[in-house]
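I have placed the structure first, in the form of structure tokens, so that the comments after it can refer back to it.
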Amino acid sequence: MDVRGSLVCVGTGMMLGAHIGPRARSHIEQADVVFVAVSDALVELWIQGMHPDVRSLQPLYAEGKSRRDTYLQMVDAMMEEVRAGRRVCGAFYGHPGVFALAPHLAVEQARSEGFDAEMEPGVSAEDCLYADLGIDPGTFGCQHYEASQFMLYRRRIDASAYLVLWQVGLAGDRSLRRFSTSSAERQLLVDLLAEDYPLDHHVIAYEAATLPIASPRRERVRLSELATAELRQHTTLVIPPARRMQINVDMRQRLEALQNGADAPFDSPENHHFKRTHHVERNPVS
């Protein structure tokens, strides 16, 4: 009987033992081999309690080594077992598809070779951010960028929405070989942000809690102080809105003209409820 290998990449969530879903746990327990890339050694030990053959991917990281090379080696390690006919599970902290290149590459590679491959979502740092900071992305909108990419490419920023910059501790790194950047490089980020935000605008250095006994980091600093703030590789920068949303008068008039000609009146109970629960002219909180 020809035994076909398979691959599934699952998310273990951000917090040890608290965020993993039943499907992700089942994939780990039923796999032939489990590869792990998680936030710390305690999480790795916890996963080892679910399966007898758990192999850490963390030793593939090294100072001065390109993270791109590390990710490709992770893919190779998992694919070697898939090609050998084994059911392989890659367990990654958070969500395996959010700021995690190796799972995407591995699933793509496995599918291109004709193997069954899928990704099982998990609780990501973004999910924790909304809960810990009390942010609803539907209130003012939310823009997300990787910090170095934000610096290296021109982006049109809407300062009436939230701006979230990921991996801000690596802001300005172009080598993919470093685990932090200097205050001088971060000052360039400050200079760029100052084109849209006042320097006294408060921003938030955020880090999700990874252990039940820990608390999330929610440190508020002024934009002018950001270059010298403590920013780690996993620190996320959250910039609240700095101005009100601008009303699009022309679009409102065009919509009103369409709605006045519709069969149902615009101020039906359904529309009244929608306008009441989706009011968009509140003052932004900074």
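By order in the structure tokens, chains are A, B, ...; within a chain, residues start at 1; ligands start at 1, following the order shown.
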
Taking only region 1-136 of chain A into account, list the residues labelled helix (DSSP H, G or I) by DSSP (computed from the backbone), as a PyMOL selection string. chain A and resi 22-30+41-48+58-60+67-83+101-112+125-133

One residue among A:Val249, A:Leu237, A:Val82, A:Val190 is nearest to Glu225 (chain A) when using only C-alpha atoms, and that residue is A:Val190

Could you pull the residues within 12 Å of Pro96 (chain A), counting only C-alpha atoms, minus those fewer than 3 positions along the same chain, as a count of residues only? 34

Can you tell me, as a list in words, what residues are no more than 6 Å from Ser183 (chain A) when counting only C-alpha atoms, ignoring any on the same chain fewer than 2 positions away? Glu185, Arg186, Gln187, Ala227 and Thr228 of chain A

As a list of chain:residue names, which residues of region 49-186 of chain A does DSSP assign to strand (DSSP E)?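 Written out, the strand (DSSP E) residues of region 49-186 of chain A are A:Val54, A:Arg55, A:Ser56, A:Arg87, A:Val88, A:Cys89, A:Gly90, A:Ala91, A:Phe92, A:Asp116, A:Ala117, A:Glu118, A:Met119, A:Glu120, A:Cys142, A:Gln143, A:His144, A:Tyr145, A:Glu146, A:Tyr162, A:Leu163, A:Val164, A:Leu165, A:Trp166.
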
Nearby residues (only C-alpha atoms) at most 10 Å from Gln58 (chain A), same-chain spacing under 6 positions excluded, as a list in words: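 My reading of the contact set: Phe35, Val36, Ala37, Val38, Ser39, Asp40, Ala41, Glu44, Thr70 and Met74 of chain A.
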
Output the selection as an mmCIF file, in the first residue's frame - N, CA, C and O atoms for each residue.
data_model
loop_
_atom_site.group_PDB
_atom_site.id
_atom_site.type_symbol
_atom_site.label_atom_id
_atom_site.label_comp_id
_atom_site.auth_asym_id
_atom_site.auth_seq_id
_atom_site.Cartn_x
_atom_site.Cartn_y
_atom_site.Cartn_z
ATOM 1 N N PHE A 35 7.051 19.115 14.240
ATOM 2 C CA PHE A 35 8.112 20.122 14.258
ATOM 3 C C PHE A 35 7.572 21.365 14.973
ATOM 4 O O PHE A 35 6.416 21.767 14.761
ATOM 5 N N VAL A 36 8.411 21.983 15.799
ATOM 6 C CA VAL A 36 7.937 23.061 16.662
ATOM 7 C C VAL A 36 8.807 24.306 16.526
ATOM 8 O O VAL A 36 10.039 24.228 16.568
ATOM 9 N N ALA A 37 8.149 25.452 16.354
ATOM 10 C CA ALA A 37 8.817 26.763 16.427
ATOM 11 C C ALA A 37 7.911 27.647 17.267
ATOM 12 O O ALA A 37 6.908 28.174 16.778
ATOM 13 N N VAL A 38 8.249 27.789 18.549
ATOM 14 C CA VAL A 38 7.382 28.507 19.485
ATOM 15 C C VAL A 38 8.170 29.560 20.245
ATOM 16 O O VAL A 38 9.375 29.727 20.051
ATOM 17 N N SER A 39 7.475 30.278 21.143
ATOM 18 C CA SER A 39 8.041 31.481 21.753
ATOM 19 C C SER A 39 9.102 31.218 22.808
ATOM 20 O O SER A 39 10.017 32.022 22.968
ATOM 21 N N ASP A 40 8.987 30.124 23.554
ATOM 22 C CA ASP A 40 9.998 29.844 24.578
ATOM 23 C C ASP A 40 10.040 28.354 24.892
ATOM 24 O O ASP A 40 9.216 27.566 24.429
ATOM 25 N N ALA A 41 11.016 27.973 25.714
ATOM 26 C CA ALA A 41 11.263 26.565 26.008
ATOM 27 C C ALA A 41 10.098 25.922 26.756
ATOM 28 O O ALA A 41 9.832 24.722 26.598
ATOM 29 N N GLU A 44 7.583 24.716 24.321
ATOM 30 C CA GLU A 44 8.101 23.537 23.624
ATOM 31 C C GLU A 44 7.959 22.287 24.496
ATOM 32 O O GLU A 44 7.559 21.222 24.010
ATOM 33 N N THR A 70 17.076 30.372 7.326
ATOM 34 C CA THR A 70 16.496 29.577 8.407
ATOM 35 C C THR A 70 15.123 29.051 8.012
ATOM 36 O O THR A 70 14.805 27.868 8.211
ATOM 37 N N MET A 74 13.765 25.171 7.603
ATOM 38 C CA MET A 74 12.574 24.648 8.273
ATOM 39 C C MET A 74 11.688 23.896 7.288
ATOM 40 O O MET A 74 11.192 22.797 7.575
#
